[in-house]
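Dropping target_11.txt in here (compact mmCIF, C-alpha atoms and all ligand atoms):
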```txt
# COMPACT_ATOMS: atom_id res chain seq x y z
CA MET L 1 2.24 52.81 8.06
CA GLY L 2 4.83 55.36 9.07
CA VAL L 3 8.53 55.85 8.58
CA ILE L 4 10.95 53.35 10.02
CA VAL L 5 14.71 53.67 10.16
CA GLN L 6 16.67 50.41 9.99
CA LYS L 7 20.41 50.34 10.68
CA PHE L 8 22.58 47.39 9.66
CA GLY L 9 26.02 47.05 11.24
CA GLY L 10 29.26 45.81 9.69
CA THR L 11 28.80 42.04 10.04
CA SER L 12 25.22 42.31 8.80
CA VAL L 13 26.51 43.75 5.50
CA GLY L 14 29.85 41.91 5.57
CA SER L 15 29.50 40.12 2.22
CA ILE L 16 27.41 40.23 -0.95
CA GLU L 17 25.30 37.33 0.41
CA ARG L 18 24.63 39.25 3.61
CA ILE L 19 23.74 42.40 1.66
CA ALA L 20 21.28 40.31 -0.37
CA GLN L 21 19.69 39.04 2.86
CA VAL L 22 19.42 42.59 4.16
CA ALA L 23 17.79 43.64 0.89
CA ASP L 24 15.21 40.84 1.31
CA LYS L 25 14.40 42.04 4.80
CA VAL L 26 14.11 45.70 3.78
CA ALA L 27 11.96 44.72 0.78
CA ARG L 28 9.51 42.92 3.12
CA PHE L 29 9.05 46.06 5.22
CA ARG L 30 8.57 48.15 2.07
CA HIS L 31 5.99 45.70 0.72
CA ASP L 32 4.15 45.93 4.03
CA GLY L 33 3.68 49.60 3.22
CA HIS L 34 6.32 51.23 5.41
CA GLN L 35 8.44 54.13 4.29
CA VAL L 36 11.94 52.85 4.94
CA VAL L 37 15.23 54.64 5.53
CA VAL L 38 18.17 52.26 5.83
CA VAL L 39 21.44 53.30 7.45
CA VAL L 40 24.45 51.11 6.74
CA SER L 41 27.91 50.62 8.21
CA ALA L 42 30.99 49.74 6.23
CA MET L 43 31.39 46.02 5.47
CA SER L 44 32.92 44.33 8.53
CA GLY L 45 36.65 44.93 8.89
CA GLU L 46 36.64 47.70 6.30
CA THR L 47 37.03 50.66 8.68
CA ASN L 48 39.96 48.91 10.37
CA ARG L 49 41.50 48.08 6.99
CA LEU L 50 41.33 51.73 5.93
CA LEU L 51 42.81 52.86 9.24
CA GLY L 52 45.61 50.33 8.74
CA LEU L 53 46.41 51.76 5.29
CA ALA L 54 46.58 55.28 6.71
CA HIS L 55 48.87 54.20 9.54
CA GLU L 56 51.17 52.38 7.14
CA LEU L 57 51.84 55.78 5.64
CA GLN L 58 51.87 57.98 8.68
CA GLU L 59 51.69 57.55 12.43
CA GLN L 60 49.34 60.49 12.88
CA PRO L 61 47.59 61.36 9.65
CA LEU L 62 45.62 64.60 9.56
CA ALA L 63 42.16 63.97 10.99
CA ARG L 64 40.56 65.69 8.00
CA GLU L 65 42.17 63.22 5.61
CA LEU L 66 41.31 60.26 7.84
CA ASP L 67 37.67 61.27 7.60
CA VAL L 68 37.78 61.43 3.80
CA LEU L 69 39.27 57.94 3.82
CA LEU L 70 37.03 56.33 6.46
CA ALA L 71 33.82 57.71 4.96
CA THR L 72 34.41 55.65 1.81
CA GLY L 73 33.65 52.43 3.70
CA GLU L 74 30.00 53.22 4.29
CA GLN L 75 29.59 54.72 0.80
CA VAL L 76 30.44 51.35 -0.78
CA THR L 77 27.72 49.62 1.22
CA THR L 78 25.05 52.18 0.35
CA ALA L 79 25.58 51.63 -3.37
CA LEU L 80 25.65 47.83 -3.08
CA LEU L 81 22.50 47.68 -0.98
CA SER L 82 20.67 50.09 -3.29
CA MET L 83 21.61 47.89 -6.25
CA ALA L 84 20.37 44.80 -4.41
CA LEU L 85 17.05 46.54 -3.66
CA ASN L 86 16.59 47.84 -7.19
CA GLN L 87 17.30 44.33 -8.47
CA ARG L 88 14.39 43.14 -6.31
CA GLY L 89 12.08 45.71 -7.86
CA VAL L 90 12.25 48.00 -4.83
CA ALA L 91 13.12 51.53 -5.93
CA ALA L 92 16.06 52.64 -3.81
CA LYS L 93 18.51 55.53 -3.73
CA SER L 94 21.84 55.79 -1.96
CA TYR L 95 23.01 58.89 -0.11
CA THR L 96 26.26 59.88 1.55
CA GLY L 97 26.05 61.93 4.75
CA SER L 98 27.03 65.07 2.93
CA GLN L 99 24.48 64.52 0.14
CA VAL L 100 21.71 64.36 2.74
CA ARG L 101 23.41 67.21 4.51
CA ILE L 102 23.90 65.74 7.89
CA LEU L 103 25.52 68.85 9.29
CA THR L 104 28.13 68.31 12.02
CA ASP L 105 30.67 70.39 13.87
CA ASP L 106 34.23 70.30 12.57
CA ALA L 107 35.71 67.93 15.19
CA HIS L 108 37.15 65.48 12.66
CA THR L 109 36.95 61.76 13.65
CA LYS L 110 34.56 62.56 16.53
CA ALA L 111 32.14 65.07 15.06
CA ARG L 112 28.73 65.76 16.57
CA ILE L 113 25.58 66.09 14.53
CA ARG L 114 24.11 69.61 14.66
CA ASP L 115 21.29 69.46 12.18
CA ILE L 116 19.80 67.27 9.48
CA ASP L 117 18.20 68.67 6.38
CA ASP L 118 15.39 66.21 5.74
CA SER L 119 13.91 67.91 2.65
CA ARG L 120 15.48 65.63 0.03
CA LEU L 121 14.74 62.55 2.09
CA GLN L 122 11.10 63.56 2.62
CA ALA L 123 10.63 64.18 -1.08
CA ASP L 124 12.16 60.80 -2.01
CA LEU L 125 10.16 58.97 0.64
CA ALA L 126 6.97 60.55 -0.64
CA ALA L 127 7.93 59.42 -4.14
CA GLY L 128 8.18 55.86 -2.84
CA PHE L 129 11.94 55.32 -2.65
CA VAL L 130 13.73 53.33 -0.01
CA LEU L 131 16.65 55.53 1.06
CA VAL L 132 19.99 53.99 1.86
CA VAL L 133 22.09 56.45 3.87
CA ALA L 134 25.76 56.06 4.76
CA GLY L 135 26.17 55.88 8.53
CA PHE L 136 28.99 57.38 10.60
CA GLN L 137 29.48 60.49 8.47
CA GLY L 138 28.42 64.05 7.91
CA VAL L 139 29.66 67.33 6.58
CA ASP L 140 30.73 70.51 8.36
CA GLU L 141 29.76 74.11 7.54
CA GLN L 142 32.75 74.36 5.19
CA GLY L 143 31.77 71.25 3.26
CA ASN L 144 34.48 69.02 4.77
CA ILE L 145 33.59 65.36 5.26
CA THR L 146 33.45 64.40 8.94
CA THR L 147 32.97 61.13 10.82
CA LEU L 148 31.18 60.55 14.11
CA GLY L 149 33.53 58.25 16.02
CA ARG L 150 33.70 54.44 16.04
CA GLY L 151 30.29 52.84 16.11
CA GLY L 152 28.82 56.12 14.81
CA SER L 153 26.35 54.58 12.37
CA ASP L 154 24.05 53.93 15.32
CA THR L 155 23.99 57.67 15.93
CA THR L 156 23.25 58.46 12.28
CA ALA L 157 20.26 56.11 12.46
CA VAL L 158 18.83 57.58 15.64
CA ALA L 159 19.41 61.16 14.47
CA LEU L 160 17.63 60.43 11.17
CA ALA L 161 14.79 58.76 13.05
CA ALA L 162 14.46 61.88 15.21
CA ALA L 163 14.59 64.24 12.22
CA LEU L 164 12.01 62.19 10.27
CA LYS L 165 9.87 61.55 13.36
CA ALA L 166 10.09 57.86 12.59
CA ASP L 167 7.81 55.37 14.29
CA GLU L 168 10.79 53.26 15.29
CA CYS L 169 14.53 53.07 14.90
CA GLN L 170 15.66 49.47 14.51
CA ILE L 171 19.32 48.64 15.08
CA TYR L 172 20.07 45.31 13.39
CA THR L 173 23.28 43.65 14.52
CA ASP L 174 24.94 40.28 15.20
CA VAL L 175 23.19 39.69 18.55
CA ASP L 176 19.44 39.40 19.08
CA GLY L 177 19.21 42.26 21.56
CA VAL L 178 20.84 43.88 24.54
CA TYR L 179 22.06 41.30 27.03
CA THR L 180 22.74 41.43 30.75
CA THR L 181 26.39 41.54 29.70
CA ASP L 182 28.40 40.85 26.54
CA PRO L 183 27.29 37.32 25.53
CA ARG L 184 30.80 36.74 24.15
CA VAL L 185 32.12 36.84 27.71
CA VAL L 186 29.35 35.24 29.74
CA ASP L 187 27.68 32.18 28.19
CA ASP L 188 24.50 32.44 30.22
CA ALA L 189 24.02 36.17 29.67
CA ARG L 190 20.32 36.82 29.13
CA ARG L 191 18.58 38.97 26.54
CA LEU L 192 16.58 41.80 28.07
CA ASP L 193 13.10 42.48 26.69
CA ARG L 194 13.45 46.09 27.78
CA ILE L 195 16.08 48.37 29.22
CA THR L 196 15.64 52.04 30.15
CA PHE L 197 17.45 54.82 28.28
CA GLU L 198 19.27 55.72 31.48
CA GLU L 199 20.53 52.18 31.99
CA MET L 200 21.48 51.80 28.35
CA LEU L 201 23.36 55.08 28.51
CA GLU L 202 25.37 53.90 31.51
CA MET L 203 25.98 50.49 29.91
CA ALA L 204 27.20 52.15 26.71
CA SER L 205 29.37 54.69 28.45
CA MET L 206 30.85 51.99 30.69
CA GLY L 207 31.91 49.95 27.67
CA SER L 208 29.03 47.94 26.16
CA LYS L 209 29.56 48.74 22.53
CA VAL L 210 26.27 47.23 21.33
CA LEU L 211 25.05 50.85 20.90
CA GLN L 212 27.14 54.00 20.55
CA ILE L 213 26.66 56.31 23.55
CA ARG L 214 25.59 59.27 21.46
CA ALA L 215 22.91 57.20 19.77
CA VAL L 216 21.38 56.47 23.18
CA GLU L 217 21.69 60.12 24.22
CA PHE L 218 19.90 61.22 21.08
CA ALA L 219 17.20 58.60 21.44
CA GLY L 220 16.55 59.65 25.04
CA LYS L 221 16.53 63.35 24.22
CA TYR L 222 14.20 63.09 21.23
CA LYS L 223 12.20 60.12 22.58
CA VAL L 224 12.97 57.95 19.57
CA PRO L 225 11.58 54.43 20.05
CA LEU L 226 14.73 52.34 19.73
CA ARG L 227 15.02 48.58 19.32
CA VAL L 228 18.06 46.30 18.98
CA LEU L 229 17.47 43.19 16.84
CA HIS L 230 19.35 40.38 15.13
CA SER L 231 19.79 40.99 11.40
CA MET L 232 19.55 37.31 10.45
CA LYS L 233 17.09 35.89 13.00
CA GLU L 234 13.52 36.79 13.80
CA GLY L 235 12.71 37.87 17.34
CA PRO L 236 11.46 40.75 19.48
CA GLY L 237 14.92 42.10 20.31
CA THR L 238 15.30 44.65 23.08
CA LEU L 239 13.26 47.82 23.37
CA ILE L 240 14.98 50.83 24.93
CA THR L 241 12.26 52.51 26.94
CA LEU L 242 11.43 55.36 29.21
CA GLU L 243 11.24 54.31 32.82
CA ASP L 244 7.70 53.32 33.62
CA ALA L 245 7.26 52.18 37.19
CA SER L 246 3.74 50.92 36.66
CA VAL L 247 4.44 48.25 34.10
CA MET L 248 8.10 47.47 34.09
CA GLU L 249 9.84 44.65 35.77
CA THR L 250 12.30 46.35 38.06
CA PRO L 251 15.29 44.16 38.70
CA THR L 252 17.93 45.81 40.84
CA ILE L 253 20.63 45.32 38.24
CA ALA L 254 20.02 45.49 34.49
CA GLY L 255 23.49 44.50 33.42
CA ILE L 256 27.24 44.52 33.69
CA ALA L 257 29.57 46.51 31.46
CA PHE L 258 33.35 46.43 31.24
CA ASN L 259 36.19 48.00 29.37
CA ARG L 260 39.92 47.99 29.17
CA ASP L 261 40.17 51.44 27.66
CA GLU L 262 41.66 53.22 30.65
CA ALA L 263 45.02 53.66 32.33
CA LYS L 264 45.85 54.80 35.84
CA LEU L 265 48.30 57.47 36.97
CA THR L 266 49.42 58.12 40.56
CA ILE L 267 51.36 61.06 41.89
CA LEU L 268 52.90 60.26 45.26
CA GLY L 269 54.00 62.56 48.04
CA VAL L 270 52.37 65.84 47.10
CA PRO L 271 51.87 68.53 49.77
CA ASP L 272 48.44 68.29 51.42
CA MET L 273 47.15 71.81 51.00
CA PRO L 274 44.28 73.67 49.34
CA GLY L 275 44.49 73.85 45.60
CA VAL L 276 46.70 70.84 45.09
CA ALA L 277 44.12 68.73 43.20
CA TYR L 278 43.58 71.69 40.92
CA ARG L 279 47.31 72.10 40.32
CA ILE L 280 47.52 68.45 39.31
CA LEU L 281 44.32 68.02 37.31
CA GLY L 282 44.16 71.55 35.87
CA PRO L 283 47.09 70.97 33.47
CA ILE L 284 45.65 67.57 32.52
CA GLY L 285 42.37 69.25 31.56
CA ASP L 286 44.25 72.03 29.75
CA ALA L 287 45.90 69.33 27.63
CA ASN L 288 42.39 68.21 26.61
CA ILE L 289 42.71 64.91 28.44
CA GLU L 290 39.54 63.59 30.01
CA VAL L 291 39.86 62.25 33.54
CA ASP L 292 37.50 59.52 34.68
CA VAL L 293 37.93 58.10 38.18
CA ILE L 294 39.78 60.13 40.82
CA LEU L 295 40.99 58.97 44.22
CA GLN L 296 42.82 61.06 46.81
CA ASN L 297 44.28 59.36 49.82
CA VAL L 298 43.97 60.55 53.40
CA ALA L 299 47.00 62.69 54.15
CA GLU L 300 49.80 61.41 56.28
CA ASP L 301 52.72 63.63 57.37
CA ASN L 302 51.20 66.55 55.50
CA SER L 303 51.59 64.82 52.20
CA THR L 304 49.15 62.86 50.11
CA ASP L 305 48.80 60.76 46.94
CA LEU L 306 46.38 61.31 44.10
CA THR L 307 45.39 58.62 41.62
CA PHE L 308 43.25 59.09 38.51
CA THR L 309 42.40 57.32 35.29
CA VAL L 310 42.46 58.57 31.69
CA GLY L 311 41.77 56.97 28.32
CA ARG L 312 44.56 54.52 27.52
CA ALA L 313 45.43 56.33 24.29
CA ASP L 314 46.03 59.51 26.31
CA LEU L 315 48.43 57.86 28.78
CA PRO L 316 51.72 59.03 27.20
CA ARG L 317 50.55 62.64 27.08
CA ALA L 318 49.05 62.49 30.58
CA GLN L 319 52.27 61.03 31.94
CA ALA L 320 54.35 63.81 30.39
CA VAL L 321 52.07 66.47 31.89
CA LEU L 322 52.06 64.77 35.29
CA GLU L 323 55.85 64.48 35.41
CA GLN L 324 56.11 68.19 34.77
CA VAL L 325 53.58 68.89 37.55
CA ALA L 326 55.45 66.50 39.88
CA SER L 327 58.67 68.40 39.52
CA GLU L 328 56.90 71.73 40.14
CA LEU L 329 55.21 70.35 43.28
CA ASN L 330 58.26 68.51 44.52
CA ALA L 331 56.28 65.29 44.48
CA ARG L 332 58.07 62.04 45.30
CA GLU L 333 57.11 59.92 42.31
CA VAL L 334 54.77 59.36 39.36
CA ARG L 335 53.54 55.84 38.66
CA VAL L 336 51.51 54.64 35.71
CA ASP L 337 49.65 51.41 35.06
CA SER L 338 47.80 50.57 31.87
CA ARG L 339 46.91 47.00 32.85
CA ILE L 340 43.64 47.95 34.46
CA ALA L 341 40.02 47.34 33.60
CA LYS L 342 36.78 48.92 34.71
CA VAL L 343 33.82 46.74 35.57
CA SER L 344 30.45 48.34 36.27
CA VAL L 345 27.09 47.11 37.48
CA VAL L 346 24.18 49.21 36.21
CA GLY L 347 20.53 49.37 37.20
CA VAL L 348 17.84 51.91 38.01
CA GLY L 349 16.66 49.54 40.74
CA MET L 350 19.75 50.52 42.75
CA ARG L 351 17.93 53.66 43.77
CA SER L 352 15.52 51.68 45.87
CA HIS L 353 17.59 48.64 46.82
CA ALA L 354 20.28 48.70 49.46
CA GLY L 355 23.14 46.23 49.50
CA VAL L 356 24.23 46.34 45.87
CA ALA L 357 27.72 47.53 46.76
CA SER L 358 28.19 44.86 49.40
CA THR L 359 27.01 42.09 47.05
CA MET L 360 29.44 43.39 44.45
CA PHE L 361 32.42 43.66 46.81
CA ARG L 362 31.72 40.25 48.36
CA ALA L 363 31.65 38.56 44.97
CA LEU L 364 34.96 40.15 44.02
CA SER L 365 36.58 39.30 47.33
CA GLU L 366 35.49 35.66 47.03
CA MET L 367 37.41 35.55 43.76
CA GLY L 368 40.45 37.15 45.40
CA ILE L 369 40.17 40.19 43.17
CA ASN L 370 41.60 43.39 44.59
CA ILE L 371 39.59 46.57 44.06
CA GLN L 372 41.89 49.48 43.24
CA MET L 373 39.35 52.26 42.87
CA ILE L 374 35.59 52.65 43.23
CA THR L 375 33.23 55.16 41.70
CA THR L 376 29.47 55.38 41.84
CA SER L 377 26.53 57.21 40.36
CA GLU L 378 22.88 56.93 41.27
CA ILE L 379 22.38 53.88 39.06
CA LYS L 380 25.92 52.47 38.70
CA ILE L 381 28.88 51.18 40.70
CA SER L 382 32.22 50.82 38.92
CA VAL L 383 35.45 49.30 40.15
CA ILE L 384 38.93 49.48 38.73
CA ILE L 385 40.71 46.14 38.95
CA GLU L 386 43.73 44.43 37.42
CA GLU L 387 43.03 43.79 33.74
CA LYS L 388 43.78 40.08 33.89
CA PHE L 389 40.85 39.56 36.26
CA MET L 390 38.31 41.40 34.13
CA GLU L 391 36.43 38.44 32.63
CA LEU L 392 36.54 36.53 35.90
CA ALA L 393 35.04 39.55 37.67
CA VAL L 394 32.28 39.94 35.08
CA ARG L 395 31.29 36.25 35.41
CA ALA L 396 31.40 36.35 39.21
CA LEU L 397 29.21 39.47 39.31
CA HIS L 398 26.79 38.09 36.73
CA SER L 399 26.13 35.09 38.92
CA ALA L 400 26.21 37.02 42.23
CA PHE L 401 23.35 39.20 40.95
CA GLU L 402 21.62 36.13 39.44
CA LEU L 403 21.37 37.86 36.10
CA GLU L 404 21.03 34.59 34.23
CA GLN L 405 17.54 34.23 35.72
CA ALA L 406 14.59 36.24 34.50
CA PRO L 407 13.42 38.52 37.31
CA ALA L 408 9.98 37.87 38.76
CA ALA L 409 7.50 40.27 37.18
CA ASN L 410 6.97 43.13 39.55
CA ILE L 411 3.77 45.03 38.99
CA ALA L 412 4.09 48.09 41.15
CA ASN L 413 1.07 50.20 41.99
P1 LIG V 501 27.55 46.35 14.66
O1 LIG V 501 28.69 46.09 13.74
O2 LIG V 501 26.28 45.69 14.20
O3 LIG V 501 27.38 47.78 14.99
P2 LIG V 501 28.88 45.90 17.20
O4 LIG V 501 30.01 44.95 17.14
O5 LIG V 501 29.17 47.35 17.23
O6 LIG V 501 27.89 45.55 16.00
O7 LIG V 501 27.94 45.56 18.47
C1 LIG V 501 27.46 44.26 18.67
C2 LIG V 501 28.34 43.54 19.69
O8 LIG V 501 28.24 44.19 20.95
C3 LIG V 501 27.94 42.12 19.96
O9 LIG V 501 28.52 41.22 19.04
C4 LIG V 501 28.44 41.89 21.40
O10 LIG V 501 29.63 41.14 21.44
C5 LIG V 501 28.74 43.28 21.92
N1 LIG V 501 28.13 43.56 23.22
C6 LIG V 501 28.76 44.14 24.27
N2 LIG V 501 27.96 44.24 25.31
C7 LIG V 501 26.76 43.75 24.94
C8 LIG V 501 25.49 43.59 25.60
N3 LIG V 501 25.30 43.97 26.87
N4 LIG V 501 24.48 43.02 24.90
C9 LIG V 501 24.64 42.65 23.62
N5 LIG V 501 25.81 42.76 22.95
C10 LIG V 501 26.86 43.31 23.58
N1 LIG V 502 32.23 51.71 10.28
C1 LIG V 502 32.36 52.49 11.50
C2 LIG V 502 33.11 51.69 12.56
O1 LIG V 502 33.56 50.59 12.28
C3 LIG V 502 31.04 52.97 12.02
C4 LIG V 502 30.05 51.90 12.43
O2 LIG V 502 30.19 50.74 12.03
O3 LIG V 502 29.12 52.23 13.16
O4 LIG V 502 33.31 52.16 13.64
MG MG V 503 28.35 49.08 16.37
```
Go through the file and emit its structure as structure tokens.
Amino acid sequence: MGVIVQKFGGTSVGSIERIAQVADKVARFRHDGHQVVVVVSAMSGETNRLLGLAHELQEQPLARELDVLLATGEQVTTALLSMALNQRGVAAKSYTGSQVRILTDDAHTKARIRDIDDSRLQADLAAGFVLVVAGFQGVDEQGNITTLGRGGSDTTAVALAAALKADECQIYTDVDGVYTTDPRVVDDARRLDRITFEEMLEMASMGSKVLQIRAVEFAGKYKVPLRVLHSMKEGPGTLITLEDASVMETPTIAGIAFNRDEAKLTILGVPDMPGVAYRILGPIGDANIEVDVILQNVAEDNSTDLTFTVGRADLPRAQAVLEQVASELNAREVRVDSRIAKVSVVGVGMRSHAGVASTMFRALSEMGINIQMITTSEIKISVIIEEKFMELAVRALHSAFELEQAPAANIAN
């Protein structure tokens, strides 16, 4: 009976009744003889409420102060859940990130975990306590409280599981596993029994927020067995696995992800000469703005257009930089569009199956959806389309790839 780490998200601890149900579940695992570390999120809506308070005061509060504020949300839940466990006769202790000493860098609001000191946790586990650790937070070298970015409790859980060499990291949430796409958008989305780390990483980075990207990165890197489960219903959930060609079903497409987090900028009529992409994108990078998809048109009359996407929140800054560049390069015009969405199909099976792109483009064309930009990786194809068509596109692709049907088991040799 080894160590297991169980993470409960915001809705799963959204009320005192829910916290009591979580305590019952944790108590069952403890009674079965497991050593249990529980990671909790803030009660649902709490992180947004705190952010709202800060923004009532100030448009751009200092990130250090935001972290002090936001970290309180998870601290409340740790104490309540510990009380509920103790009330059930299960000895439990709450910990903030800094009490554990989850050491992070100092990038407030998006800090990365550097190291976890597991000595206190190991001692408490050996003494029989259930540990309830606040997700989403850590402490930097200087002792400042940091947070790990939205959805960061997943990452706390996986990082703790890696540090404690846990047998399994269980992510309990409000869905019973990872689906072929967000079940809130497609009614006949199907739960996957397994998905590979690589696929889950692409799904998460393309917008499926069921797991935070960094949690999947960590789990892949440290080979943490990771499972997504429903907090209120029994079931096998979804296991995130290493690719294993001998036993796994290998559907071409594992799932479809989407997001509306990006905006598009186009600079028109720039001279077609060496170094021009650098002169445009260099200053964008210098301003610490991440560029995602890039498209350069074939030159006509010695001039060309360049289009790229950035995070929507960065659009005003990116536009200001681009307008400056445009005047230096004598470009004709700068255009921006934030009503775009990115829809991606993801699957390791793409490596060995031709025709994925054509199936995707046919399905979109049958719906009359114009593709503005395309980008691919070995196991993913993404398109940028008009935002208003996003859900339509996701449904059309889900049925074009027949994701509602379980794939025939494929035992390779
Ligand atoms: P928690 O508060 O437990 O961390 P989240 O809201 O962060 O929960 O993540 C769970 C949600 O992720 C689900 O309610 C679902 O709408 C969404 N989601 C997006 N894509 C998927 C997917 N492919 N499979 C399952 N859930 C998904
Ligand atoms: N409470 C934080 C958020 O809402 C972290 C988490 O829930 O994972 O983003
Ligand atoms: Mg989450």
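A distance cut-off of 6 Å from ligand LIG 501 (chain V), applied to all atoms listed in the file, picks out the residues Gly9, Gly10, Thr11, Gly151, Thr173, Asp174, Val175, Gly177, Val178, Tyr179, Thr180, Thr181, Asp182, Arg184, Ser208, Lys209 and Val210 of chain L.
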How close does chain L get to ligand MG 503 (chain V)? List, as JSON lines, each residue of chain L within 12 Å, its nearest atom pair and the distance in Å to one decimal, counting only C-alpha atoms and all ligand atoms.
```
{"residue": "L:Lys7", "atom": "CA", "partner": "V:MG503", "partner_atom": "MG", "distance": 9.8}
{"residue": "L:Phe8", "atom": "CA", "partner": "V:MG503", "partner_atom": "MG", "distance": 9.0}
{"residue": "L:Gly9", "atom": "CA", "partner": "V:MG503", "partner_atom": "MG", "distance": 6.0}
{"residue": "L:Gly10", "atom": "CA", "partner": "V:MG503", "partner_atom": "MG", "distance": 7.5}
{"residue": "L:Thr11", "atom": "CA", "partner": "V:MG503", "partner_atom": "MG", "distance": 9.5}
{"residue": "L:Ser12", "atom": "CA", "partner": "V:MG503", "partner_atom": "MG", "distance": 10.6}
{"residue": "L:Val40", "atom": "CA", "partner": "V:MG503", "partner_atom": "MG", "distance": 10.6}
{"residue": "L:Ser41", "atom": "CA", "partner": "V:MG503", "partner_atom": "MG", "distance": 8.3}
{"residue": "L:Ala42", "atom": "CA", "partner": "V:MG503", "partner_atom": "MG", "distance": 10.5}
{"residue": "L:Met43", "atom": "CA", "partner": "V:MG503", "partner_atom": "MG", "distance": 11.7}
{"residue": "L:Ser44", "atom": "CA", "partner": "V:MG503", "partner_atom": "MG", "distance": 10.2}
{"residue": "L:Gly45", "atom": "CA", "partner": "V:MG503", "partner_atom": "MG", "distance": 11.9}
{"residue": "L:Thr47", "atom": "CA", "partner": "V:MG503", "partner_atom": "MG", "distance": 11.7}
{"residue": "L:Gly135", "atom": "CA", "partner": "V:MG503", "partner_atom": "MG", "distance": 10.6}
{"residue": "L:Phe136", "atom": "CA", "partner": "V:MG503", "partner_atom": "MG", "distance": 10.1}
{"residue": "L:Gly149", "atom": "CA", "partner": "V:MG503", "partner_atom": "MG", "distance": 10.5}
{"residue": "L:Arg150", "atom": "CA", "partner": "V:MG503", "partner_atom": "MG", "distance": 7.6}
{"residue": "L:Gly151", "atom": "CA", "partner": "V:MG503", "partner_atom": "MG", "distance": 4.2}
{"residue": "L:Gly152", "atom": "CA", "partner": "V:MG503", "partner_atom": "MG", "distance": 7.2}
{"residue": "L:Ser153", "atom": "CA", "partner": "V:MG503", "partner_atom": "MG", "distance": 7.1}
{"residue": "L:Asp154", "atom": "CA", "partner": "V:MG503", "partner_atom": "MG", "distance": 6.6}
{"residue": "L:Thr155", "atom": "CA", "partner": "V:MG503", "partner_atom": "MG", "distance": 9.6}
{"residue": "L:Thr156", "atom": "CA", "partner": "V:MG503", "partner_atom": "MG", "distance": 11.4}
{"residue": "L:Ala157", "atom": "CA", "partner": "V:MG503", "partner_atom": "MG", "distance": 11.4}
{"residue": "L:Ile171", "atom": "CA", "partner": "V:MG503", "partner_atom": "MG", "distance": 9.1}
{"residue": "L:Tyr172", "atom": "CA", "partner": "V:MG503", "partner_atom": "MG", "distance": 9.6}
{"residue": "L:Thr173", "atom": "CA", "partner": "V:MG503", "partner_atom": "MG", "distance": 7.7}
{"residue": "L:Asp174", "atom": "CA", "partner": "V:MG503", "partner_atom": "MG", "distance": 9.5}
{"residue": "L:Val175", "atom": "CA", "partner": "V:MG503", "partner_atom": "MG", "distance": 10.9}
{"residue": "L:Ala204", "atom": "CA", "partner": "V:MG503", "partner_atom": "MG", "distance": 10.8}
{"residue": "L:Gly207", "atom": "CA", "partner": "V:MG503", "partner_atom": "MG", "distance": 11.9}
{"residue": "L:Ser208", "atom": "CA", "partner": "V:MG503", "partner_atom": "MG", "distance": 9.9}
{"residue": "L:Lys209", "atom": "CA", "partner": "V:MG503", "partner_atom": "MG", "distance": 6.3}
{"residue": "L:Val210", "atom": "CA", "partner": "V:MG503", "partner_atom": "MG", "distance": 5.7}
{"residue": "L:Leu211", "atom": "CA", "partner": "V:MG503", "partner_atom": "MG", "distance": 5.9}
{"residue": "L:Gln212", "atom": "CA", "partner": "V:MG503", "partner_atom": "MG", "distance": 6.6}
{"residue": "L:Ile213", "atom": "CA", "partner": "V:MG503", "partner_atom": "MG", "distance": 10.3}
{"residue": "L:Arg214", "atom": "CA", "partner": "V:MG503", "partner_atom": "MG", "distance": 11.7}
{"residue": "L:Ala215", "atom": "CA", "partner": "V:MG503", "partner_atom": "MG", "distance": 10.3}
{"residue": "L:Val228", "atom": "CA", "partner": "V:MG503", "partner_atom": "MG", "distance": 11.0}
```
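Proximity of L:Arg114, L:His230, L:Arg312, L:Arg339 to Phe218 of chain L, computed with only C-alpha atoms, is greatest for L:Arg114.
For the choices L:Leu306, L:Val383, L:Ala318, L:Ala326, the atom-to-atom distance to Lys342 of chain L is smallest for L:Val383 when using only C-alpha atoms.
Using all atoms listed in the file, the shortest contact distance between ligand LIG 502 (chain V) and any of L:Arg101, L:Lys110, L:Arg88, L:Arg332 is found at L:Lys110.
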